[in-house]
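Here's input26.cif, which has mmCIF, C-alpha atoms:
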```
data_entry
loop_
_atom_site.label_atom_id
_atom_site.label_comp_id
_atom_site.auth_asym_id
_atom_site.auth_seq_id
_atom_site.Cartn_x
_atom_site.Cartn_y
_atom_site.Cartn_z
CA MET C 11 13.54 129.27 -23.12
CA ASN C 12 13.35 127.29 -26.36
CA ALA C 13 11.46 124.02 -26.72
CA GLN C 14 14.62 121.89 -26.49
CA LYS C 15 15.69 123.47 -23.19
CA SER C 16 12.15 123.15 -21.85
CA LYS C 17 12.20 119.42 -22.59
CA ILE C 18 15.54 119.04 -20.80
CA VAL C 19 14.32 120.94 -17.72
CA LEU C 20 11.13 118.88 -17.67
CA ALA C 21 13.10 115.63 -17.97
CA VAL C 22 15.47 116.61 -15.13
CA ALA C 23 12.56 117.68 -12.93
CA SER C 24 10.73 114.44 -13.65
CA LEU C 25 13.85 112.44 -12.84
CA LEU C 26 14.29 114.30 -9.56
CA VAL C 27 10.65 113.63 -8.63
CA ILE C 28 11.06 109.93 -9.41
CA VAL C 29 14.30 109.75 -7.40
CA GLY C 30 12.61 111.57 -4.53
CA ILE C 31 9.69 109.17 -4.53
CA VAL C 32 11.99 106.15 -4.66
CA VAL C 33 14.12 107.49 -1.81
CA GLY C 34 10.99 108.35 0.16
CA VAL C 35 9.40 104.90 -0.06
CA TRP C 36 12.63 102.89 0.10
CA PRO C 37 12.57 100.90 3.36
CA LEU C 38 15.17 101.81 6.01
CA ASN C 39 16.75 99.39 8.46
CA GLY C 40 14.68 100.67 11.34
CA TYR C 41 11.24 101.37 12.73
CA ILE C 42 8.92 104.30 13.32
CA GLU C 43 7.51 104.30 16.85
CA SER C 44 4.12 105.96 17.18
CA PRO C 45 1.21 105.97 19.65
CA GLY C 46 -0.56 102.61 19.57
CA GLU C 47 -3.88 101.64 21.13
CA ALA C 48 -5.33 101.80 24.63
CA ASP C 49 -7.23 98.52 24.64
CA ASP C 50 -9.95 97.69 27.18
CA LEU C 51 -8.61 94.75 29.19
CA ALA C 52 -12.10 93.37 29.72
CA GLN C 53 -11.85 91.82 26.26
CA PHE C 54 -8.71 89.88 27.22
CA VAL C 55 -9.41 88.66 30.76
CA LYS C 56 -11.95 86.10 31.95
CA ILE C 57 -12.48 84.84 35.49
CA ASP C 58 -14.43 81.61 35.78
CA GLY C 59 -15.12 82.00 32.07
CA LYS C 60 -16.80 85.39 32.50
CA LYS C 61 -15.73 88.77 31.14
CA ASP C 62 -15.83 91.95 33.18
CA THR C 63 -19.10 93.79 32.50
CA SER C 64 -18.66 96.71 34.91
CA LYS C 65 -18.90 100.29 33.69
CA GLY C 66 -15.31 101.19 34.51
CA GLN C 67 -12.48 100.45 32.09
CA TYR C 68 -8.85 99.49 32.57
CA ARG C 69 -6.79 99.97 29.43
CA ILE C 70 -3.42 98.54 28.39
CA THR C 71 -1.47 101.04 26.30
CA SER C 72 0.95 100.19 23.51
CA VAL C 73 3.47 101.65 21.08
CA TYR C 74 2.99 100.89 17.39
CA LEU C 75 6.01 99.86 15.31
CA SER C 76 6.06 100.24 11.54
CA GLN C 77 8.78 99.73 8.97
CA ALA C 78 10.62 103.02 8.42
CA ASN C 79 11.15 104.67 5.05
CA GLY C 80 12.39 108.07 3.95
CA PHE C 81 9.02 109.80 4.10
CA LYS C 82 8.18 108.38 7.53
CA TYR C 83 11.63 109.29 8.83
CA LEU C 84 11.10 112.91 7.80
CA GLN C 85 7.78 112.91 9.66
CA THR C 86 9.65 112.19 12.91
CA LYS C 87 11.37 115.56 12.50
CA ILE C 88 8.10 117.48 12.55
CA ASN C 89 5.77 115.27 14.61
CA PRO C 90 6.76 115.12 18.31
CA HIS C 91 4.76 111.90 18.80
CA LEU C 92 6.82 109.92 16.28
CA SER C 93 10.38 108.67 16.68
CA TYR C 94 12.85 106.59 14.72
CA ALA C 95 14.75 103.62 16.13
CA THR C 96 17.19 101.34 14.38
CA ALA C 97 16.32 97.67 14.01
CA LYS C 98 19.10 96.78 16.45
CA GLU C 99 17.75 99.21 19.05
CA VAL C 100 14.29 97.64 18.81
CA THR C 101 15.08 93.94 18.39
CA GLY C 102 18.58 93.73 19.83
CA GLY C 103 19.73 92.28 16.54
CA GLN C 104 17.29 89.36 16.71
CA SER C 105 15.29 88.12 13.73
CA SER C 106 11.63 89.13 13.53
CA ALA C 107 10.55 85.59 14.48
CA THR C 108 12.87 85.48 17.51
CA PHE C 109 11.88 88.99 18.58
CA SER C 110 8.18 88.02 18.46
CA LYS C 111 8.91 84.89 20.50
CA VAL C 112 10.76 86.92 23.13
CA GLN C 113 7.90 89.43 23.39
CA ASP C 114 5.50 86.53 23.92
CA PHE C 115 7.73 85.15 26.71
CA TYR C 116 7.75 88.57 28.36
CA MET C 117 3.95 88.72 28.17
CA GLN C 118 3.51 85.24 29.63
CA SER C 119 5.79 86.18 32.52
CA ALA C 120 3.93 89.48 33.02
CA ILE C 121 0.57 87.70 33.19
CA ALA C 122 1.91 85.12 35.66
CA ASN C 123 3.22 87.91 37.90
CA ALA C 124 -0.08 89.80 37.59
CA GLU C 125 -2.04 86.75 38.73
CA GLN C 126 0.27 86.19 41.69
CA VAL C 127 0.06 89.78 42.91
CA ALA C 128 -3.70 90.12 42.35
CA PHE C 129 -4.66 86.85 44.03
CA LYS C 130 -2.36 87.37 47.02
CA LYS C 131 -3.73 90.88 47.50
CA ALA C 132 -7.29 89.51 47.31
CA ASN C 133 -6.47 86.61 49.66
CA LYS C 134 -7.64 84.10 47.07
CA PRO C 135 -6.17 80.58 46.56
CA ILE C 136 -3.16 80.44 44.23
CA THR C 137 -0.31 78.00 43.71
CA THR C 138 2.80 78.48 41.60
CA LYS C 139 5.20 76.01 40.06
CA TYR C 140 8.56 77.37 39.02
CA ARG C 141 9.50 75.72 35.76
CA GLY C 142 12.78 77.54 35.28
CA ILE C 143 14.09 80.48 33.32
CA TYR C 144 13.12 81.53 29.80
CA VAL C 145 16.17 82.40 27.71
CA LEU C 146 15.42 85.69 25.93
CA SER C 147 18.80 86.29 24.32
CA VAL C 148 22.34 84.92 24.36
CA SER C 149 25.34 87.26 24.19
CA SER C 150 27.85 86.85 21.39
CA LYS C 151 30.49 86.70 24.16
CA SER C 152 28.74 83.85 25.99
CA HIS C 153 30.47 80.46 26.06
CA PHE C 154 26.96 79.00 25.66
CA LYS C 155 26.09 80.82 22.42
CA LYS C 156 26.24 77.59 20.40
CA SER C 157 24.46 75.35 22.91
CA ILE C 158 21.73 77.51 24.52
CA LYS C 159 19.05 79.09 22.29
CA VAL C 160 16.35 81.71 22.69
CA GLY C 161 13.21 79.95 23.93
CA ASP C 162 15.04 77.32 25.99
CA THR C 163 14.08 77.00 29.66
CA ILE C 164 17.00 76.66 32.06
CA THR C 165 16.00 74.30 34.86
CA ALA C 166 19.23 73.98 36.89
CA ILE C 167 22.81 75.12 37.11
CA ASP C 168 25.48 72.84 38.55
CA GLY C 169 22.63 70.63 39.67
CA HIS C 170 20.99 73.39 41.73
CA HIS C 171 17.30 74.18 41.14
CA TYR C 172 15.99 77.60 42.08
CA GLU C 173 12.58 79.13 42.72
CA ASN C 174 13.27 82.39 40.88
CA SER C 175 15.73 83.97 38.47
CA ASP C 176 17.23 86.22 41.19
CA SER C 177 18.61 83.14 42.96
CA PHE C 178 20.10 81.95 39.68
CA ILE C 179 21.77 85.33 39.18
CA LYS C 180 23.14 85.42 42.74
CA TYR C 181 24.59 81.92 42.42
CA LEU C 182 26.73 83.06 39.48
CA ALA C 183 27.37 86.68 40.51
CA ASN C 184 30.53 86.30 42.60
CA LYS C 185 32.17 83.50 40.65
CA SER C 186 35.51 84.23 39.00
CA LYS C 187 35.65 84.76 35.27
CA GLY C 188 36.30 81.45 33.55
CA THR C 189 34.62 79.24 36.18
CA LYS C 190 33.18 76.15 34.53
CA VAL C 191 29.45 75.61 35.10
CA THR C 192 26.92 73.07 33.84
CA VAL C 193 23.46 74.16 32.72
CA ASP C 194 20.40 71.89 32.43
CA TYR C 195 17.68 73.05 30.07
CA THR C 196 14.60 71.97 28.16
CA ARG C 197 13.89 72.66 24.49
CA ASP C 198 10.67 71.65 22.76
CA GLY C 199 9.90 69.24 25.59
CA LYS C 200 13.30 67.55 25.50
CA ASN C 201 16.02 67.79 28.17
CA GLY C 202 19.54 68.98 27.38
CA GLN C 203 22.76 69.86 29.19
CA ALA C 204 25.61 72.21 28.32
CA THR C 205 28.91 73.15 29.96
CA GLY C 206 30.80 76.42 29.61
CA ASP C 207 32.69 79.16 31.43
CA THR C 208 31.37 82.21 33.24
CA ILE C 209 32.12 85.70 31.89
CA LYS C 210 32.18 89.13 33.47
CA LEU C 211 29.01 91.02 32.59
CA ALA C 212 29.43 94.59 31.37
CA GLY C 213 27.58 97.37 33.18
CA THR C 214 26.86 95.38 36.36
CA LYS C 215 28.91 97.31 38.92
CA THR C 216 26.74 98.18 41.92
CA ALA C 217 27.17 98.72 45.66
CA GLU C 218 26.46 95.02 46.12
CA TYR C 219 28.82 94.01 43.31
CA PRO C 220 31.56 96.70 43.18
CA ASN C 221 33.59 94.64 40.70
CA GLY C 222 30.60 93.71 38.56
CA ARG C 223 28.77 90.41 38.31
CA ALA C 224 29.74 87.18 36.63
CA GLY C 225 27.20 85.24 34.57
CA ILE C 226 26.83 83.11 31.49
CA GLY C 227 25.72 85.90 29.15
CA ILE C 228 21.98 85.39 28.82
CA VAL C 229 18.97 87.66 29.26
CA LEU C 230 16.24 85.85 31.14
CA THR C 231 12.78 85.96 32.66
CA ASP C 232 10.90 83.56 34.92
CA ASN C 233 8.85 80.68 33.54
CA VAL C 234 6.13 80.10 36.13
CA ALA C 235 2.98 77.98 35.96
CA VAL C 236 0.14 79.53 37.98
CA THR C 237 -3.00 77.74 39.22
CA THR C 238 -5.78 79.84 40.73
CA THR C 239 -9.24 79.49 42.24
CA PRO C 240 -11.29 80.85 40.55
CA LYS C 241 -9.59 80.16 37.22
CA VAL C 242 -8.21 83.09 35.23
CA SER C 243 -7.75 83.00 31.47
CA VAL C 244 -5.92 85.74 29.61
CA ASN C 245 -5.65 86.14 25.86
CA ALA C 246 -3.47 89.14 25.07
CA GLY C 247 -3.91 88.81 21.32
CA GLN C 248 -1.11 90.50 19.38
CA ILE C 249 0.17 92.47 22.37
CA GLY C 250 3.60 91.40 23.60
CA GLY C 251 6.25 92.51 26.05
CA PRO C 252 6.28 93.02 29.82
CA SER C 253 4.87 96.56 30.05
CA GLY C 254 1.23 95.49 30.47
CA GLY C 255 1.90 93.75 33.79
CA LEU C 256 0.57 96.55 35.99
CA MET C 257 -2.71 96.97 34.13
CA PHE C 258 -3.35 93.22 33.92
CA THR C 259 -2.87 93.09 37.70
CA ILE C 260 -5.48 95.75 38.45
CA GLN C 261 -7.94 94.29 35.93
CA ILE C 262 -7.67 90.83 37.52
CA TYR C 263 -7.77 92.16 41.09
CA ASP C 264 -10.79 94.43 40.64
CA GLN C 265 -12.71 91.81 38.69
CA LEU C 266 -11.83 89.24 41.36
CA THR C 267 -12.98 91.43 44.24
CA GLY C 268 -16.26 92.72 42.84
CA ASP C 269 -15.42 95.62 40.52
CA LEU C 270 -15.35 98.22 43.30
CA LEU C 271 -12.37 100.33 42.29
CA ALA C 272 -12.88 101.69 38.77
CA LYS C 273 -16.11 103.49 39.72
CA GLY C 274 -17.02 104.06 36.09
CA ARG C 275 -13.68 105.68 35.25
CA ASN C 276 -11.72 105.21 32.04
CA ILE C 277 -8.25 104.30 33.36
CA SER C 278 -5.06 103.67 31.39
CA GLY C 279 -1.51 102.96 32.45
CA THR C 280 1.69 101.06 31.92
CA GLY C 281 4.52 99.42 33.82
CA THR C 282 6.03 96.03 34.49
CA MET C 283 4.87 94.04 37.53
CA SER C 284 7.23 91.93 39.62
CA ALA C 285 5.92 88.93 41.55
CA ASP C 286 6.40 90.87 44.80
CA GLY C 287 4.26 93.79 43.65
CA TYR C 288 6.78 96.37 42.44
CA VAL C 289 6.15 98.44 39.31
CA GLY C 290 8.99 98.80 36.80
CA GLU C 291 9.75 101.34 34.08
CA ILE C 292 9.09 100.79 30.38
CA GLY C 293 9.76 102.48 27.02
CA GLY C 294 7.68 104.87 24.92
CA ILE C 295 5.54 106.24 27.75
CA ASP C 296 5.02 109.58 25.97
CA LYS C 297 3.38 107.72 23.09
CA LYS C 298 1.26 105.71 25.52
CA ILE C 299 -0.01 108.97 27.01
CA MET C 300 -1.27 109.93 23.55
CA ALA C 301 -2.93 106.52 23.12
CA ALA C 302 -4.69 106.99 26.47
CA LYS C 303 -5.85 110.46 25.47
CA ALA C 304 -7.29 109.13 22.20
CA ALA C 305 -9.21 106.48 24.17
CA GLY C 306 -10.76 109.11 26.46
CA SER C 307 -8.95 108.09 29.65
CA THR C 308 -8.89 110.52 32.56
CA VAL C 309 -6.38 108.61 34.75
CA PHE C 310 -2.97 107.22 33.76
CA PHE C 311 -0.75 105.14 36.06
CA ALA C 312 2.97 105.68 35.44
CA PRO C 313 5.95 103.94 37.09
CA TYR C 314 7.83 106.17 39.51
CA VAL C 315 11.51 106.03 40.43
CA LYS C 316 13.43 108.71 42.26
CA PRO C 317 15.59 110.55 39.72
CA SER C 318 19.36 110.78 39.96
CA LYS C 319 22.01 112.19 37.63
CA GLU C 320 23.28 108.70 36.81
CA LEU C 321 19.78 107.39 36.10
CA LEU C 322 18.73 110.33 33.92
CA LYS C 323 21.76 109.84 31.66
CA TYR C 324 20.19 106.63 30.39
CA GLU C 325 16.50 107.53 30.56
CA GLU C 326 14.41 108.26 27.48
CA GLN C 327 14.65 112.02 26.79
CA HIS C 328 16.66 112.12 30.06
CA LYS C 329 13.47 111.95 32.09
CA THR C 330 12.09 109.16 34.27
CA ASN C 331 8.89 107.46 33.10
CA TYR C 332 6.78 109.56 35.46
CA MET C 333 8.47 112.85 34.53
CA LEU C 334 8.06 112.20 30.78
CA ALA C 335 4.45 111.03 31.17
CA ARG C 336 3.54 114.02 33.35
CA ASP C 337 5.18 116.55 31.02
CA THR C 338 3.63 115.00 27.90
CA ALA C 339 0.16 115.03 29.46
CA LYS C 340 0.57 118.62 30.64
CA LYS C 341 1.38 119.74 27.09
CA TYR C 342 -0.84 117.50 24.95
CA ALA C 343 -3.43 115.85 27.23
CA PRO C 344 -4.28 118.28 30.06
CA LYS C 345 -7.44 116.37 31.04
CA LEU C 346 -5.41 113.21 31.73
CA LYS C 347 -4.21 112.92 35.34
CA VAL C 348 -0.88 111.09 35.60
CA ILE C 349 -0.55 109.11 38.82
CA PRO C 350 2.94 107.98 39.98
CA VAL C 351 3.10 104.46 41.44
CA GLN C 352 5.93 102.34 42.83
CA THR C 353 3.91 99.32 43.94
CA PHE C 354 0.57 97.69 43.27
CA ASP C 355 -0.55 98.85 46.72
CA ASP C 356 -0.06 102.45 45.51
CA VAL C 357 -2.51 101.75 42.67
CA VAL C 358 -5.16 100.27 44.94
CA ASN C 359 -4.71 103.03 47.50
CA TYR C 360 -5.20 105.73 44.86
CA LEU C 361 -8.32 104.09 43.43
CA GLN C 362 -9.79 103.73 46.94
CA THR C 363 -8.80 107.08 48.47
CA GLY C 364 -7.44 109.37 45.74
CA LYS C 365 -4.15 109.72 47.62
CA VAL C 366 -0.98 110.04 45.56
CA ILE C 367 2.54 109.11 46.67
CA LYS C 368 5.11 111.88 47.14
CA THR C 369 7.43 112.54 44.24
CA THR C 370 10.43 114.72 43.55
CA ASP C 371 12.27 116.08 40.53
CA SER C 372 15.27 116.90 42.72
CA VAL C 373 18.40 115.29 41.31
CA LYS C 374 21.52 114.53 43.36
#
```
In structure tokens, what does this structure look like?
Amino acid sequence: MNAQKSKIVLAVASLLVIVGIVVGVWPLNGYIESPGEADDLAQFVKIDGKKDTSKGQYRITSVYLSQANGFKYLQTKINPHLSYATAKEVTGGQSSATFSKVQDFYMQSAIANAEQVAFKKANKPITTKYRGIYVLSVSSKSHFKKSIKVGDTITAIDGHHYENSDSFIKYLANKSKGTKVTVDYTRDGKNGQATGDTIKLAGTKTAEYPNGRAGIGIVLTDNVAVTTTPKVSVNAGQIGGPSGGLMFTIQIYDQLTGDLLAKGRNISGTGTMSADGYVGEIGGIDKKIMAAKAAGSTVFFAPYVKPSKELLKYEEQHKTNYMLARDTAKKYAPKLKVIPVQTFDDVVNYLQTGKVIKTTDSVK
């Protein structure tokens, strides 16, 4: 090869390297999901101004999101603990600021539910004041898309005030499409009112609602003010979303009742917590297993639901939370015992007695 050809080959190779680097670092319209942290909840929760100083640890697990690029995307093809999700899949099409606000609303609701469940279980004084419903998103098909905004609190509908979002949903559920309703709301401390028509909500056909539910096209969560004795203060830092509800509940309950349950164990877990004590499924549980392993946990609480063919069609990796957590731990974290739970009572019962609820992989 003569000198001229060598220069051409070198120039082409250099150009290809430059193009490859540019393509590799060019940001994609999506996120890389990877194992986050398993943070000790003692740093976030105070009761009567005091932190938990017991030897045991309860840890809230998280999934870390980072801006995707070409190089990171390729890593998801070889690293089983990384995955790619489009921006719309993660944020629902919301702006970063709105998405962060929504995650904060979810966390506030999760903490309020955790306090209610923990204090009722401990037979300690607690009062709740239902402020209304946080608006988390508004459908593009909603007749209220120009009048109701994310962050508003709905306080009444057609003049009716409710004590929980389920009652709000049931009030609208059986109305005919196109029924005019009036919504009262607050925004930045000011009252407002809007009128619009109901719509039929996609994907809401159930045994209770064989023709699907009507609604106004919003995603919501409860806005509840909780007052307790003793006083609880929770600062979740940068953690958002509803999935920490279960672990906040056990941290508050055990700290409230004398730190008798952890028994020096390093315990992680995840799951939403309803005000009546039920544990709900979440996303990214396989990555949370890896976060728990890295933190040295030996116990991991995972939400359990009975699998069915219909359910598994929509589940992450076509496995329920418990199935995915159990299988991930078996392969990558064999020293981590995954405990299935349906209610907060299941958690307390396991910590007290070591008994685990019955589960099945049988699908009908």
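Proximity of C:Ala301, C:Val236, C:Val55, C:Met117 to C:Met283, computed with all atoms listed in the file, is greatest for C:Met117.
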Check what the PyMOL selection byres ((chain C and resi 364) around 12) selects in the file above and give those residues as a PyMOL selection string. chain C and resi 271-272+309+347+349-350+356-363+365-367
Prev. selection, C-alpha atoms, output as an mmCIF file, in the frame of the given file:
```
data_model
loop_
_atom_site.group_PDB
_atom_site.id
_atom_site.type_symbol
_atom_site.label_atom_id
_atom_site.label_comp_id
_atom_site.auth_asym_id
_atom_site.auth_seq_id
_atom_site.Cartn_x
_atom_site.Cartn_y
_atom_site.Cartn_z
ATOM 1 C CA LEU C 271 -12.370 100.330 42.290
ATOM 2 C CA ALA C 272 -12.880 101.690 38.770
ATOM 3 C CA VAL C 309 -6.380 108.610 34.750
ATOM 4 C CA LYS C 347 -4.210 112.920 35.340
ATOM 5 C CA ILE C 349 -0.550 109.110 38.820
ATOM 6 C CA PRO C 350 2.940 107.980 39.980
ATOM 7 C CA ASP C 356 -0.060 102.450 45.510
ATOM 8 C CA VAL C 357 -2.510 101.750 42.670
ATOM 9 C CA VAL C 358 -5.160 100.270 44.940
ATOM 10 C CA ASN C 359 -4.710 103.030 47.500
ATOM 11 C CA TYR C 360 -5.200 105.730 44.860
ATOM 12 C CA LEU C 361 -8.320 104.090 43.430
ATOM 13 C CA GLN C 362 -9.790 103.730 46.940
ATOM 14 C CA THR C 363 -8.800 107.080 48.470
ATOM 15 C CA LYS C 365 -4.150 109.720 47.620
ATOM 16 C CA VAL C 366 -0.980 110.040 45.560
ATOM 17 C CA ILE C 367 2.540 109.110 46.670
#
```
Of the listed residues C:Phe258, C:Gly290, C:Thr308, C:Ala343, that which approaches C:Asn331 most closely, counting all atoms listed in the file: C:Gly290
For the file shown, what are the residues hit by the PyMOL selection byres ((chain C and resi 186) around 10), laid out as a ChimeraX atom specification? /C:182-185,187-190,207-210,223-225
Check what the PyMOL selection byres ((chain C and resi 279) around 6) selects in the file above and give those residues as number ranges by chain. C: 278, 280, 310-311
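Of note, atom CA of C:Tyr332 and atom CA of C:Val315 are spaced 7.7 Å apart.
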Your completed stretch 203-213 of chain C with all heavy atoms, as a CSV table (one decimal), keeping the file's coordinate frame:
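So the final result, stored in part35.csv, reads:
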```
chain,number,residue,atom,x,y,z
C,203,GLN,N,21.8,69.4,28.2
C,203,GLN,CA,22.8,69.9,29.2
C,203,GLN,C,23.9,70.5,28.4
C,203,GLN,O,24.3,70.0,27.4
C,203,GLN,CB,23.2,68.7,30.1
C,203,GLN,CG,24.0,69.1,31.3
C,203,GLN,CD,24.4,68.0,32.2
C,203,GLN,OE1,25.3,67.2,31.9
C,203,GLN,NE2,23.6,67.8,33.3
C,204,ALA,N,24.5,71.5,29.0
C,204,ALA,CA,25.6,72.2,28.3
C,204,ALA,C,26.6,72.7,29.4
C,204,ALA,O,26.2,73.0,30.5
C,204,ALA,CB,25.1,73.4,27.5
C,205,THR,N,27.9,72.7,29.0
C,205,THR,CA,28.9,73.2,30.0
C,205,THR,C,29.7,74.3,29.3
C,205,THR,O,30.0,74.2,28.1
C,205,THR,CB,29.9,72.0,30.3
C,205,THR,OG1,29.1,71.0,31.0
C,205,THR,CG2,30.9,72.5,31.3
C,206,GLY,N,30.0,75.3,30.1
C,206,GLY,CA,30.8,76.4,29.6
C,206,GLY,C,31.4,77.2,30.8
C,206,GLY,O,31.1,76.9,31.9
C,207,ASP,N,32.1,78.3,30.4
C,207,ASP,CA,32.7,79.2,31.4
C,207,ASP,C,31.9,80.4,31.7
C,207,ASP,O,31.2,80.9,30.8
C,207,ASP,CB,34.1,79.6,31.0
C,207,ASP,CG,35.0,78.4,30.9
C,207,ASP,OD1,34.7,77.3,31.5
C,207,ASP,OD2,36.1,78.5,30.2
C,208,THR,N,32.0,80.9,32.9
C,208,THR,CA,31.4,82.2,33.2
C,208,THR,C,32.2,83.4,32.6
C,208,THR,O,33.3,83.2,32.3
C,208,THR,CB,31.3,82.4,34.8
C,208,THR,OG1,32.7,82.4,35.3
C,208,THR,CG2,30.5,81.4,35.4
C,209,ILE,N,31.5,84.5,32.4
C,209,ILE,CA,32.1,85.7,31.9
C,209,ILE,C,31.8,86.9,32.8
C,209,ILE,O,30.8,86.8,33.6
C,209,ILE,CB,31.7,86.0,30.5
C,209,ILE,CG1,30.2,86.3,30.4
C,209,ILE,CG2,32.1,84.9,29.5
C,209,ILE,CD1,29.6,86.7,29.1
C,210,LYS,N,32.5,87.9,32.7
C,210,LYS,CA,32.2,89.1,33.5
C,210,LYS,C,31.2,89.9,32.6
C,210,LYS,O,31.4,90.1,31.4
C,210,LYS,CB,33.4,90.0,33.7
C,210,LYS,CG,34.2,89.5,34.9
C,210,LYS,CD,33.5,89.7,36.2
C,210,LYS,CE,34.3,89.3,37.4
C,210,LYS,NZ,33.6,89.4,38.7
C,211,LEU,N,30.1,90.3,33.3
C,211,LEU,CA,29.0,91.0,32.6
C,211,LEU,C,29.2,92.5,32.6
C,211,LEU,O,29.4,93.1,33.7
C,211,LEU,CB,27.7,90.7,33.2
C,211,LEU,CG,27.3,89.2,33.3
C,211,LEU,CD1,26.0,89.0,34.0
C,211,LEU,CD2,27.2,88.6,31.9
C,212,ALA,N,29.2,93.1,31.5
C,212,ALA,CA,29.4,94.6,31.4
C,212,ALA,C,28.3,95.4,32.0
C,212,ALA,O,27.1,94.9,32.0
C,212,ALA,CB,29.6,95.0,29.9
C,213,GLY,N,28.6,96.5,32.6
C,213,GLY,CA,27.6,97.4,33.2
C,213,GLY,C,26.9,96.8,34.4
C,213,GLY,O,25.7,97.2,34.7
```
